[in-house]
Amino acid sequence: MVTVHRPGEARAAARHRTRVTLLGTAGGPPWWDGSDRAGISTVVSVGDEHYLVDCGEGWGRRFRAAGLGPAGFQRGLDGLRGVFVTHHHSDHLVDYPNLLLLAWHNGADGLRRPIQVFGPGDRGTLPPVFAPERRERPPEVFHPESPTPGLVESTGRLLEAYALDINDRMRDNAKPDLREIFEIRDIPLPEGTGDDPNGDPAPEMSPFEVYRDENVRVTAILVDHRPVFPAFAFRFDTAGGSVVLSGDTGVCDNLVTIARGADLLVHECIDLDWVEQLIGPGSETPDPNLMQHMLAAHTSVEEVGPQAEKAGVGTLVLTHLVPANAPAGKWRRAQAGFSGTLVVGEDLMTLGLD
Ligand SMILES: [Zn+2]
């Protein structure tokens, strides 16, 4: 059974050993007028140990506000065990540098073991140019030496950019070697999957294990967030229950496969009516490029309920809301086609699993 705790009920929420805290529930890189939702980020907790999924804008302050770590000077991230990145879109990663550079000032420099960080590997090939006939010429490739890096490489490059700060902290403040605080890995795909990211980015497959410790077993599956590849959904199985985080995806059989029978499905959602009014063909500002991305790579409020129903999950929580400033009533339409409990996500909402 899943118990919903509204923002501000952190103390009651902490009574659940296994729980999920929504840090940020806004989708997309735009700033949304009239909304204070932070960028997409979620934490799965077992006791005092935490597993962060995605690092959208503002996750750090929300983590603090959620009371997930000890308060006090240079404390907070003491219990962070793992970080899981669903895909390499900026709205999921823009505050990843905060994690890398601020963690050792906020509780992570005395950890008994490194924080385990997992994310997608190199895409391997550039995505196609959409509707090239409408472009005067194809865009020039950015950083052609390595145009589609995976997490290990992009992390290395980020840290290089901050070399002055890192050397200063280690030499002047006697901070431990930053490279020993994190262990960063690209998630290897099972052999024979994902050979053709420009064809089918989410071929039929079984979930595969990414990480395991005494609290959690984390499995992943490819989802369809074309042309982004690899894009993962993650499942956390714990003694207290199971939760699946969809990442960003269009309607996709693999999502149903990994979510089957989970207690809780935390799923992305877009309001397609709003998209059509804003950028559809009949609108004042049609944007066919963005429109086709929204249709193919995201799940609408009408589609998400039937997906959850197919998977047989008990509770569906909507997050990564686009637009983030839509009234809650819009999202409640997702109940259509879903016989379980629907929850419209809010920042700092906690879902207790046990
Ligand atoms: Zn995305």
# chains A, B, ... in the order shown; residues from 1 in each chain; ligands from 1
call {"tool": "select_by_dssp", "arguments": {"residues": "range 1-188 of chain A", "states": "strand (DSSP E)", "output": "ChimeraX atom specification"}}
result
/A:3-5,18-24,41-46,49-53,80-84,115-120,182-187
call {"tool": "closest_atom_pairs", "arguments": {"of": "range 116-217 of chain A", "to": "range 280-297 of chain A", "cutoff": "12 Å", "atoms": "only C-alpha atoms", "output": "tab-separated table"}}
result
residue	atom	partner	partner_atom	distance
A:Val129	CA	A:Asn289	CA	10.0
A:Phe130	CA	A:Asn289	CA	7.0
A:Ala131	CA	A:Asn289	CA	8.0
A:Pro132	CA	A:Asn289	CA	10.8
A:Arg134	CA	A:Asn289	CA	10.2
A:Arg135	CA	A:Asn289	CA	11.3
A:Pro201	CA	A:Ala297	CA	10.8
A:Ala202	CA	A:Ala297	CA	11.4
call {"tool": "write_last_selection", "arguments": {"atoms": "all heavy atoms", "output": "PDB file, in the first residue's frame"}}
result
ATOM      1  N   VAL A 129      18.909  14.521 -38.968  1.00  0.00           N
ATOM      2  CA  VAL A 129      18.344  15.878 -38.994  1.00  0.00           C
ATOM      3  C   VAL A 129      16.872  15.742 -39.372  1.00  0.00           C
ATOM      4  O   VAL A 129      16.546  15.153 -40.410  1.00  0.00           O
ATOM      5  CB  VAL A 129      19.081  16.756 -40.026  1.00  0.00           C
ATOM      6  CG1 VAL A 129      18.420  18.138 -40.125  1.00  0.00           C
ATOM      7  CG2 VAL A 129      20.556  16.891 -39.653  1.00  0.00           C
ATOM      8  N   PHE A 130      15.991  16.271 -38.524  1.00  0.00           N
ATOM      9  CA  PHE A 130      14.558  16.174 -38.820  1.00  0.00           C
ATOM     10  C   PHE A 130      14.198  17.130 -39.964  1.00  0.00           C
ATOM     11  O   PHE A 130      14.620  18.281 -39.975  1.00  0.00           O
ATOM     12  CB  PHE A 130      13.739  16.522 -37.573  1.00  0.00           C
ATOM     13  CG  PHE A 130      12.253  16.546 -37.821  1.00  0.00           C
ATOM     14  CD1 PHE A 130      11.566  15.368 -38.059  1.00  0.00           C
ATOM     15  CD2 PHE A 130      11.560  17.744 -37.850  1.00  0.00           C
ATOM     16  CE1 PHE A 130      10.204  15.380 -38.298  1.00  0.00           C
ATOM     17  CE2 PHE A 130      10.194  17.771 -38.087  1.00  0.00           C
ATOM     18  CZ  PHE A 130       9.514  16.578 -38.321  1.00  0.00           C
ATOM     19  N   ALA A 131      13.428  16.648 -40.928  1.00  0.00           N
ATOM     20  CA  ALA A 131      12.934  17.436 -42.064  1.00  0.00           C
ATOM     21  C   ALA A 131      14.050  18.245 -42.729  1.00  0.00           C
ATOM     22  O   ALA A 131      13.986  19.477 -42.775  1.00  0.00           O
ATOM     23  CB  ALA A 131      11.793  18.343 -41.607  1.00  0.00           C
ATOM     24  N   PRO A 132      15.070  17.584 -43.245  1.00  0.00           N
ATOM     25  CA  PRO A 132      16.206  18.330 -43.828  1.00  0.00           C
ATOM     26  C   PRO A 132      15.781  19.225 -44.996  1.00  0.00           C
ATOM     27  O   PRO A 132      16.433  20.236 -45.259  1.00  0.00           O
ATOM     28  CB  PRO A 132      17.164  17.221 -44.293  1.00  0.00           C
ATOM     29  CG  PRO A 132      16.352  15.980 -44.357  1.00  0.00           C
ATOM     30  CD  PRO A 132      15.250  16.138 -43.354  1.00  0.00           C
ATOM     31  N   ARG A 134      13.511  21.207 -45.080  1.00  0.00           N
ATOM     32  CA  ARG A 134      13.100  22.537 -44.616  1.00  0.00           C
ATOM     33  C   ARG A 134      14.286  23.364 -44.116  1.00  0.00           C
ATOM     34  O   ARG A 134      14.124  24.494 -43.670  1.00  0.00           O
ATOM     35  CB  ARG A 134      12.055  22.397 -43.507  1.00  0.00           C
ATOM     36  CG  ARG A 134      10.691  21.963 -44.024  1.00  0.00           C
ATOM     37  CD  ARG A 134       9.574  22.475 -43.127  1.00  0.00           C
ATOM     38  NE  ARG A 134       9.540  21.746 -41.866  1.00  0.00           N
ATOM     39  CZ  ARG A 134       8.748  20.681 -41.653  1.00  0.00           C
ATOM     40  NH1 ARG A 134       7.954  20.239 -42.596  1.00  0.00           N
ATOM     41  NH2 ARG A 134       8.771  20.082 -40.490  1.00  0.00           N
ATOM     42  N   ARG A 135      15.483  22.771 -44.157  1.00  0.00           N
ATOM     43  CA  ARG A 135      16.674  23.489 -43.680  1.00  0.00           C
ATOM     44  C   ARG A 135      17.505  23.925 -44.874  1.00  0.00           C
ATOM     45  O   ARG A 135      17.626  23.194 -45.856  1.00  0.00           O
ATOM     46  CB  ARG A 135      17.539  22.568 -42.795  1.00  0.00           C
ATOM     47  CG  ARG A 135      16.775  21.816 -41.727  1.00  0.00           C
ATOM     48  CD  ARG A 135      16.434  22.683 -40.553  1.00  0.00           C
ATOM     49  NE  ARG A 135      17.595  22.929 -39.709  1.00  0.00           N
ATOM     50  CZ  ARG A 135      17.879  22.213 -38.609  1.00  0.00           C
ATOM     51  NH1 ARG A 135      17.103  21.220 -38.251  1.00  0.00           N
ATOM     52  NH2 ARG A 135      18.928  22.507 -37.879  1.00  0.00           N
ATOM     53  N   PRO A 201      14.832   2.697 -31.054  1.00  0.00           N
ATOM     54  CA  PRO A 201      15.658   2.979 -29.871  1.00  0.00           C
ATOM     55  C   PRO A 201      15.260   2.176 -28.632  1.00  0.00           C
ATOM     56  O   PRO A 201      15.974   2.218 -27.637  1.00  0.00           O
ATOM     57  CB  PRO A 201      15.429   4.475 -29.631  1.00  0.00           C
ATOM     58  CG  PRO A 201      14.082   4.747 -30.213  1.00  0.00           C
ATOM     59  CD  PRO A 201      13.885   3.776 -31.347  1.00  0.00           C
ATOM     60  N   ALA A 202      14.136   1.469 -28.706  1.00  0.00           N
ATOM     61  CA  ALA A 202      13.697   0.690 -27.538  1.00  0.00           C
ATOM     62  C   ALA A 202      13.195  -0.673 -27.988  1.00  0.00           C
ATOM     63  O   ALA A 202      12.012  -0.992 -27.860  1.00  0.00           O
ATOM     64  CB  ALA A 202      12.608   1.445 -26.774  1.00  0.00           C
TER      65      ALA A 202
END
call {"tool": "residues_near_ligand", "arguments": {"ligand": "ligand 1", "cutoff": "8 Å", "atoms": "only C-alpha atoms and all ligand atoms", "output": "PyMOL selection string"}}
result
chain A and resi 28+87-92+225+228+247-249+297
call {"tool": "write_last_selection", "arguments": {"atoms": "N, CA and C atoms", "output": "PDB file, in the first residue's frame"}}
result
ATOM      1  N   GLY A  28      10.979  19.557 -19.019  1.00  0.00           N
ATOM      2  CA  GLY A  28      11.432  20.439 -20.079  1.00  0.00           C
ATOM      3  C   GLY A  28      12.349  21.551 -19.630  1.00  0.00           C
ATOM      4  N   HIS A  87      18.636   9.812 -18.922  1.00  0.00           N
ATOM      5  CA  HIS A  87      19.096  10.126 -20.279  1.00  0.00           C
ATOM      6  C   HIS A  87      19.759  11.499 -20.274  1.00  0.00           C
ATOM      7  N   HIS A  88      20.380  11.807 -21.411  1.00  0.00           N
ATOM      8  CA  HIS A  88      21.253  12.980 -21.450  1.00  0.00           C
ATOM      9  C   HIS A  88      20.563  14.256 -21.908  1.00  0.00           C
ATOM     10  N   HIS A  89      19.295  14.444 -21.603  1.00  0.00           N
ATOM     11  CA  HIS A  89      18.669  15.736 -21.890  1.00  0.00           C
ATOM     12  C   HIS A  89      18.986  16.711 -20.762  1.00  0.00           C
ATOM     13  N   SER A  90      19.162  17.989 -21.157  1.00  0.00           N
ATOM     14  CA  SER A  90      19.630  18.987 -20.190  1.00  0.00           C
ATOM     15  C   SER A  90      18.690  19.143 -19.000  1.00  0.00           C
ATOM     16  N   ASP A  91      17.380  19.009 -19.208  1.00  0.00           N
ATOM     17  CA  ASP A  91      16.482  19.240 -18.065  1.00  0.00           C
ATOM     18  C   ASP A  91      16.617  18.148 -16.998  1.00  0.00           C
ATOM     19  N   HIS A  92      17.280  17.055 -17.327  1.00  0.00           N
ATOM     20  CA  HIS A  92      17.515  15.977 -16.354  1.00  0.00           C
ATOM     21  C   HIS A  92      18.921  16.058 -15.743  1.00  0.00           C
ATOM     22  N   HIS A 225      12.458   7.394 -26.238  1.00  0.00           N
ATOM     23  CA  HIS A 225      12.505   8.859 -26.132  1.00  0.00           C
ATOM     24  C   HIS A 225      13.266   9.400 -27.341  1.00  0.00           C
ATOM     25  N   VAL A 228      16.692  10.518 -28.551  1.00  0.00           N
ATOM     26  CA  VAL A 228      17.672  10.304 -27.480  1.00  0.00           C
ATOM     27  C   VAL A 228      17.864   8.804 -27.264  1.00  0.00           C
ATOM     28  N   GLY A 247      11.467   7.738 -16.512  1.00  0.00           N
ATOM     29  CA  GLY A 247      12.294   8.623 -17.327  1.00  0.00           C
ATOM     30  C   GLY A 247      11.397   9.297 -18.356  1.00  0.00           C
ATOM     31  N   ASP A 248      11.975   9.753 -19.438  1.00  0.00           N
ATOM     32  CA  ASP A 248      11.170  10.353 -20.511  1.00  0.00           C
ATOM     33  C   ASP A 248      10.907   9.286 -21.560  1.00  0.00           C
ATOM     34  N   THR A 249       9.640   9.134 -21.934  1.00  0.00           N
ATOM     35  CA  THR A 249       9.321   8.114 -22.934  1.00  0.00           C
ATOM     36  C   THR A 249       7.975   8.378 -23.593  1.00  0.00           C
ATOM     37  N   ALA A 297       7.986  11.306 -28.445  1.00  0.00           N
ATOM     38  CA  ALA A 297       8.944  11.044 -27.371  1.00  0.00           C
ATOM     39  C   ALA A 297       8.364  11.215 -25.976  1.00  0.00           C
TER      40      ALA A 297
END
call {"tool": "residues_around", "arguments": {"residues": "Val343 in chain A", "least_positions_apart": "4", "cutoff": "12 Å", "atoms": "only C-alpha atoms", "output": "list in words"}}
result
Val2, Thr3, Val4, His5, Arg6, Leu22, Leu264, Leu265, Val266, His267, Gly305, Gly314, Thr315, Leu316, Val317, Leu318, Thr319, Ala328, Gly329, Trp331, Arg332, Arg333, Ala334, Gln335, Phe338, Met349, Thr350 and Leu351 of chain A
call {"tool": "write_last_selection", "arguments": {"atoms": "N, CA and C atoms", "output": "CSV table (one decimal), in the first residue's frame"}}
result
chain,number,residue,atom,x,y,z
A,2,VAL,N,0.5,2.2,-0.8
A,2,VAL,CA,1.3,3.4,-0.9
A,2,VAL,C,0.6,4.6,-0.1
A,3,THR,N,1.3,5.2,0.7
A,3,THR,CA,0.7,6.4,1.5
A,3,THR,C,1.3,7.7,0.9
A,4,VAL,N,0.4,8.6,0.7
A,4,VAL,CA,0.8,9.9,0.1
A,4,VAL,C,1.0,10.9,1.2
A,5,HIS,N,2.2,11.5,1.3
A,5,HIS,CA,2.4,12.6,2.2
A,5,HIS,C,2.6,13.9,1.5
A,6,ARG,N,1.8,14.9,1.8
A,6,ARG,CA,1.9,16.2,1.1
A,6,ARG,C,3.2,16.9,1.5
A,22,LEU,N,9.5,13.2,-4.3
A,22,LEU,CA,9.6,14.0,-5.6
A,22,LEU,C,10.3,15.3,-5.3
A,264,LEU,N,4.4,1.1,-7.3
A,264,LEU,CA,4.3,2.6,-7.6
A,264,LEU,C,5.0,2.8,-9.0
A,265,LEU,N,4.3,3.5,-9.8
A,265,LEU,CA,4.9,3.9,-11.1
A,265,LEU,C,4.9,5.5,-11.2
A,266,VAL,N,6.1,6.0,-11.2
A,266,VAL,CA,6.3,7.5,-11.3
A,266,VAL,C,6.6,7.8,-12.8
A,267,HIS,N,5.6,8.4,-13.5
A,267,HIS,CA,5.6,8.5,-14.9
A,267,HIS,C,5.6,9.9,-15.4
A,305,GLY,N,-2.6,6.6,-18.3
A,305,GLY,CA,-3.5,5.8,-17.5
A,305,GLY,C,-3.5,4.3,-18.1
A,314,GLY,N,-0.2,-0.4,-8.7
A,314,GLY,CA,-1.2,0.0,-7.8
A,314,GLY,C,-1.4,1.5,-7.8
A,315,THR,N,-0.3,2.2,-7.9
A,315,THR,CA,-0.4,3.7,-7.8
A,315,THR,C,0.4,4.3,-8.9
A,316,LEU,N,-0.2,5.3,-9.6
A,316,LEU,CA,0.5,6.0,-10.6
A,316,LEU,C,0.7,7.5,-10.2
A,317,VAL,N,1.9,7.9,-10.2
A,317,VAL,CA,2.2,9.3,-9.8
A,317,VAL,C,2.7,10.0,-11.1
A,318,LEU,N,2.1,11.1,-11.4
A,318,LEU,CA,2.6,11.9,-12.6
A,318,LEU,C,3.6,12.9,-12.2
A,319,THR,N,4.7,13.0,-13.0
A,319,THR,CA,5.7,13.9,-12.8
A,319,THR,C,6.2,14.4,-14.2
A,328,ALA,N,-4.0,21.5,-11.7
A,328,ALA,CA,-3.9,20.0,-11.3
A,328,ALA,C,-5.1,19.3,-12.0
A,329,GLY,N,-6.2,20.0,-12.2
A,329,GLY,CA,-7.4,19.3,-12.8
A,329,GLY,C,-7.1,18.7,-14.2
A,331,TRP,N,-4.4,17.2,-15.1
A,331,TRP,CA,-3.7,16.0,-15.0
A,331,TRP,C,-4.6,14.9,-14.4
A,332,ARG,N,-5.6,15.3,-13.7
A,332,ARG,CA,-6.5,14.2,-13.1
A,332,ARG,C,-7.2,13.5,-14.2
A,333,ARG,N,-7.2,14.0,-15.4
A,333,ARG,CA,-7.9,13.3,-16.5
A,333,ARG,C,-7.1,11.9,-16.8
A,334,ALA,N,-5.9,11.8,-16.3
A,334,ALA,CA,-5.1,10.6,-16.5
A,334,ALA,C,-5.8,9.4,-15.8
A,335,GLN,N,-6.7,9.6,-14.9
A,335,GLN,CA,-7.4,8.5,-14.3
A,335,GLN,C,-8.2,7.6,-15.3
A,338,PHE,N,-7.5,3.9,-16.0
A,338,PHE,CA,-6.6,3.4,-15.0
A,338,PHE,C,-7.5,3.1,-13.7
A,349,MET,N,6.5,16.1,-2.3
A,349,MET,CA,5.6,15.1,-1.9
A,349,MET,C,6.4,13.8,-1.7
A,350,THR,N,5.9,13.0,-0.7
A,350,THR,CA,6.6,11.7,-0.4
A,350,THR,C,5.6,10.6,-0.5
A,351,LEU,N,6.0,9.5,-1.0
A,351,LEU,CA,5.1,8.3,-1.1
A,351,LEU,C,5.8,7.2,-0.4
call {"tool": "closest_atom_pairs", "arguments": {"of": "range 32-89 of chain A", "to": "range 231-242 of chain A", "cutoff": "12 Å", "atoms": "only C-alpha atoms", "output": "CSV"}}
result
residue,atom,partner,partner_atom,distance
A:Thr42,CA,A:Phe234,CA,11.6
A:Val43,CA,A:Phe236,CA,10.9
A:Val44,CA,A:Phe236,CA,8.0
A:Ser45,CA,A:Thr238,CA,9.8
A:Val46,CA,A:Thr238,CA,7.9
A:Gly47,CA,A:Gly240,CA,10.5
A:His50,CA,A:Phe236,CA,11.7
A:Tyr51,CA,A:Phe236,CA,9.5
A:Leu52,CA,A:Phe234,CA,11.4
A:Val53,CA,A:Phe234,CA,8.7
A:Asp54,CA,A:Phe234,CA,11.0
A:Gly82,CA,A:Phe236,CA,11.8
A:Val83,CA,A:Phe234,CA,11.4
A:Phe84,CA,A:Phe234,CA,8.3
A:Val85,CA,A:Phe232,CA,8.1
A:Thr86,CA,A:Phe232,CA,4.9
A:His87,CA,A:Ala231,CA,4.8
A:His88,CA,A:Ala231,CA,7.8
A:His89,CA,A:Ala231,CA,9.4
call {"tool": "select_by_dssp", "arguments": {"residues": "range 168-266 of chain A", "states": "helix (DSSP H, G or I)", "output": "ChimeraX atom specification"}}
result
/A:168-172,178-180,253-259
call {"tool": "write_last_selection", "arguments": {"atoms": "N, CA and C atoms", "output": "PDB file, in the first residue's frame"}}
result
ATOM      1  N   ASP A 168      42.209  23.891  -6.068  1.00  0.00           N
ATOM      2  CA  ASP A 168      42.230  24.808  -4.939  1.00  0.00           C
ATOM      3  C   ASP A 168      41.698  24.127  -3.675  1.00  0.00           C
ATOM      4  N   ARG A 169      40.570  23.451  -3.786  1.00  0.00           N
ATOM      5  CA  ARG A 169      39.968  22.824  -2.592  1.00  0.00           C
ATOM      6  C   ARG A 169      40.861  21.715  -2.037  1.00  0.00           C
ATOM      7  N   MET A 170      41.506  20.978  -2.924  1.00  0.00           N
ATOM      8  CA  MET A 170      42.340  19.872  -2.447  1.00  0.00           C
ATOM      9  C   MET A 170      43.653  20.394  -1.841  1.00  0.00           C
ATOM     10  N   ARG A 171      44.183  21.501  -2.393  1.00  0.00           N
ATOM     11  CA  ARG A 171      45.470  22.001  -1.916  1.00  0.00           C
ATOM     12  C   ARG A 171      45.301  22.973  -0.752  1.00  0.00           C
ATOM     13  N   ASP A 172      44.303  23.852  -0.844  1.00  0.00           N
ATOM     14  CA  ASP A 172      44.155  24.902   0.164  1.00  0.00           C
ATOM     15  C   ASP A 172      43.268  24.455   1.320  1.00  0.00           C
ATOM     16  N   LEU A 178      38.636  14.543  -5.160  1.00  0.00           N
ATOM     17  CA  LEU A 178      37.249  14.502  -5.661  1.00  0.00           C
ATOM     18  C   LEU A 178      36.971  13.209  -6.423  1.00  0.00           C
ATOM     19  N   ARG A 179      37.981  12.696  -7.084  1.00  0.00           N
ATOM     20  CA  ARG A 179      37.792  11.491  -7.904  1.00  0.00           C
ATOM     21  C   ARG A 179      37.501  10.265  -7.064  1.00  0.00           C
ATOM     22  N   GLU A 180      37.772  10.358  -5.745  1.00  0.00           N
ATOM     23  CA  GLU A 180      37.490   9.209  -4.882  1.00  0.00           C
ATOM     24  C   GLU A 180      36.109   9.281  -4.247  1.00  0.00           C
ATOM     25  N   ASP A 253       6.191  -0.398 -25.062  1.00  0.00           N
ATOM     26  CA  ASP A 253       5.944  -1.701 -24.425  1.00  0.00           C
ATOM     27  C   ASP A 253       6.971  -2.005 -23.332  1.00  0.00           C
ATOM     28  N   ASN A 254       8.211  -1.573 -23.546  1.00  0.00           N
ATOM     29  CA  ASN A 254       9.238  -1.863 -22.541  1.00  0.00           C
ATOM     30  C   ASN A 254       8.894  -1.243 -21.185  1.00  0.00           C
ATOM     31  N   LEU A 255       8.239  -0.085 -21.218  1.00  0.00           N
ATOM     32  CA  LEU A 255       7.855   0.554 -19.956  1.00  0.00           C
ATOM     33  C   LEU A 255       6.867  -0.341 -19.211  1.00  0.00           C
ATOM     34  N   VAL A 256       5.928  -0.931 -19.949  1.00  0.00           N
ATOM     35  CA  VAL A 256       4.957  -1.842 -19.335  1.00  0.00           C
ATOM     36  C   VAL A 256       5.693  -3.059 -18.778  1.00  0.00           C
ATOM     37  N   THR A 257       6.660  -3.544 -19.523  1.00  0.00           N
ATOM     38  CA  THR A 257       7.419  -4.726 -19.078  1.00  0.00           C
ATOM     39  C   THR A 257       8.112  -4.465 -17.741  1.00  0.00           C
ATOM     40  N   ILE A 258       8.816  -3.343 -17.639  1.00  0.00           N
ATOM     41  CA  ILE A 258       9.586  -3.108 -16.396  1.00  0.00           C
ATOM     42  C   ILE A 258       8.669  -2.726 -15.229  1.00  0.00           C
ATOM     43  N   ALA A 259       7.491  -2.153 -15.549  1.00  0.00           N
ATOM     44  CA  ALA A 259       6.594  -1.691 -14.476  1.00  0.00           C
ATOM     45  C   ALA A 259       5.638  -2.772 -13.994  1.00  0.00           C
TER      46      ALA A 259
END
call {"tool": "atom_distance", "arguments": {"atom1": "CA of Gly199 in chain A", "atom2": "CA of Gly124 in chain A"}}
result
13.2 Å
call {"tool": "closest_residue", "arguments": {"among": "A:Val216, A:His298, A:Arg81, A:Leu272", "to": "Gly250 in chain A", "atoms": "only C-alpha atoms"}}
result
A:His298
call {"tool": "closest_residue", "arguments": {"among": "A:Gly337, A:Pro230, A:Gly24, A:Pro30", "to": "Pro323 in chain A", "atoms": "only C-alpha atoms"}}
result
A:Pro30
call {"tool": "closest_residue", "arguments": {"among": "A:Ala308, A:Ala14, A:Val322, A:Val223", "to": "Asp273 in chain A", "atoms": "only C-alpha atoms"}}
result
A:Val322
call {"tool": "residues_around", "arguments": {"residues": "Arg64 in chain A", "least_positions_apart": "4", "cutoff": "12 Å", "atoms": "only C-alpha atoms", "output": "MDAnalysis selection string"}}
result
chainID A and resid 10 21 23 43 58:60 68:78 106:107 348
call {"tool": "write_last_selection", "arguments": {"atoms": "N, CA and C atoms", "output": "PDB file, in the first residue's frame"}}
result
ATOM      1  N   ALA A  10       7.184  15.998   6.203  1.00  0.00           N
ATOM      2  CA  ALA A  10       8.423  15.223   6.105  1.00  0.00           C
ATOM      3  C   ALA A  10       8.607  14.277   7.288  1.00  0.00           C
ATOM      4  N   THR A  21      10.568  10.381  -2.735  1.00  0.00           N
ATOM      5  CA  THR A  21      10.326  11.816  -2.587  1.00  0.00           C
ATOM      6  C   THR A  21      10.490  12.480  -3.949  1.00  0.00           C
ATOM      7  N   LEU A  23      11.480  15.473  -5.807  1.00  0.00           N
ATOM      8  CA  LEU A  23      12.199  16.727  -5.542  1.00  0.00           C
ATOM      9  C   LEU A  23      11.725  17.803  -6.507  1.00  0.00           C
ATOM     10  N   VAL A  43      13.924  11.023  -5.536  1.00  0.00           N
ATOM     11  CA  VAL A  43      14.781  10.237  -4.636  1.00  0.00           C
ATOM     12  C   VAL A  43      14.027   9.004  -4.153  1.00  0.00           C
ATOM     13  N   GLY A  58      17.541  22.666  -9.555  1.00  0.00           N
ATOM     14  CA  GLY A  58      17.032  22.888  -8.199  1.00  0.00           C
ATOM     15  C   GLY A  58      16.953  21.662  -7.317  1.00  0.00           C
ATOM     16  N   TRP A  59      17.470  20.516  -7.774  1.00  0.00           N
ATOM     17  CA  TRP A  59      17.318  19.291  -6.973  1.00  0.00           C
ATOM     18  C   TRP A  59      17.987  19.435  -5.606  1.00  0.00           C
ATOM     19  N   GLY A  60      19.145  20.115  -5.559  1.00  0.00           N
ATOM     20  CA  GLY A  60      19.913  20.193  -4.312  1.00  0.00           C
ATOM     21  C   GLY A  60      19.139  20.889  -3.204  1.00  0.00           C
ATOM     22  N   LEU A  68      16.144  15.084   3.914  1.00  0.00           N
ATOM     23  CA  LEU A  68      16.588  13.702   3.672  1.00  0.00           C
ATOM     24  C   LEU A  68      17.947  13.408   4.309  1.00  0.00           C
ATOM     25  N   GLY A  69      18.719  14.443   4.551  1.00  0.00           N
ATOM     26  CA  GLY A  69      20.019  14.231   5.196  1.00  0.00           C
ATOM     27  C   GLY A  69      20.077  15.022   6.481  1.00  0.00           C
ATOM     28  N   PRO A  70      21.146  14.833   7.259  1.00  0.00           N
ATOM     29  CA  PRO A  70      21.272  15.595   8.493  1.00  0.00           C
ATOM     30  C   PRO A  70      21.442  17.085   8.212  1.00  0.00           C
ATOM     31  N   ALA A  71      20.844  17.924   9.076  1.00  0.00           N
ATOM     32  CA  ALA A  71      21.028  19.370   8.950  1.00  0.00           C
ATOM     33  C   ALA A  71      22.382  19.753   9.534  1.00  0.00           C
ATOM     34  N   GLY A  72      22.800  20.970   9.274  1.00  0.00           N
ATOM     35  CA  GLY A  72      24.041  21.454   9.856  1.00  0.00           C
ATOM     36  C   GLY A  72      25.066  21.803   8.806  1.00  0.00           C
ATOM     37  N   PHE A  73      26.112  22.486   9.254  1.00  0.00           N
ATOM     38  CA  PHE A  73      27.149  22.973   8.348  1.00  0.00           C
ATOM     39  C   PHE A  73      27.887  21.800   7.700  1.00  0.00           C
ATOM     40  N   GLN A  74      27.987  21.855   6.420  1.00  0.00           N
ATOM     41  CA  GLN A  74      28.683  20.840   5.629  1.00  0.00           C
ATOM     42  C   GLN A  74      28.132  19.432   5.864  1.00  0.00           C
ATOM     43  N   ARG A  75      26.815  19.355   6.017  1.00  0.00           N
ATOM     44  CA  ARG A  75      26.138  18.071   6.120  1.00  0.00           C
ATOM     45  C   ARG A  75      25.004  18.044   5.101  1.00  0.00           C
ATOM     46  N   GLY A  76      24.417  16.897   4.917  1.00  0.00           N
ATOM     47  CA  GLY A  76      23.230  16.823   4.065  1.00  0.00           C
ATOM     48  C   GLY A  76      23.231  15.595   3.169  1.00  0.00           C
ATOM     49  N   LEU A  77      24.322  15.425   2.428  1.00  0.00           N
ATOM     50  CA  LEU A  77      24.351  14.316   1.468  1.00  0.00           C
ATOM     51  C   LEU A  77      25.028  13.081   2.061  1.00  0.00           C
ATOM     52  N   ASP A  78      25.124  13.041   3.398  1.00  0.00           N
ATOM     53  CA  ASP A  78      25.813  11.949   4.080  1.00  0.00           C
ATOM     54  C   ASP A  78      25.277  10.576   3.698  1.00  0.00           C
ATOM     55  N   ASN A 106      29.052  19.305   1.379  1.00  0.00           N
ATOM     56  CA  ASN A 106      27.723  19.116   1.978  1.00  0.00           C
ATOM     57  C   ASN A 106      27.492  17.672   2.411  1.00  0.00           C
ATOM     58  N   GLY A 107      28.523  17.093   2.980  1.00  0.00           N
ATOM     59  CA  GLY A 107      28.330  15.808   3.634  1.00  0.00           C
ATOM     60  C   GLY A 107      28.927  14.609   2.942  1.00  0.00           C
ATOM     61  N   LEU A 348       8.319  17.900  -3.338  1.00  0.00           N
ATOM     62  CA  LEU A 348       8.419  17.577  -1.920  1.00  0.00           C
ATOM     63  C   LEU A 348       7.273  16.697  -1.411  1.00  0.00           C
TER      64      LEU A 348
END
call {"tool": "residues_around", "arguments": {"residues": "Arg37 in chain A", "least_positions_apart": "2", "cutoff": "8 Å", "atoms": "only C-alpha atoms", "output": "PyMOL selection string"}}
result
chain A and resi 24-26+35+39+324+346-347
call {"tool": "write_last_selection", "arguments": {"atoms": "N, CA and C atoms", "output": "compact mmCIF listing (two decimals), in the first residue's frame"}}
result
# COMPACT_ATOMS: atom_id res chain seq x y z
N GLY A 24 11.72 17.47 -7.80
CA GLY A 24 11.26 18.41 -8.82
C GLY A 24 10.33 17.69 -9.78
N THR A 25 9.25 18.36 -10.18
CA THR A 25 8.23 17.69 -10.99
C THR A 25 7.96 18.40 -12.32
N ALA A 26 8.78 19.40 -12.65
CA ALA A 26 8.59 20.09 -13.93
C ALA A 26 9.35 19.36 -15.03
N SER A 35 4.80 28.92 -12.13
CA SER A 35 5.02 27.61 -11.49
C SER A 35 6.33 27.65 -10.71
N GLY A 39 13.12 21.47 -11.48
CA GLY A 39 13.37 20.55 -12.58
C GLY A 39 13.30 19.10 -12.11
N ALA A 324 4.44 22.80 -16.92
CA ALA A 324 4.49 22.69 -15.45
C ALA A 324 3.49 23.61 -14.78
N GLU A 346 3.66 16.61 -6.80
CA GLU A 346 4.05 17.96 -6.37
C GLU A 346 5.45 17.86 -5.82
N ASP A 347 6.21 18.94 -5.96
CA ASP A 347 7.54 18.98 -5.36
C ASP A 347 7.42 18.73 -3.86
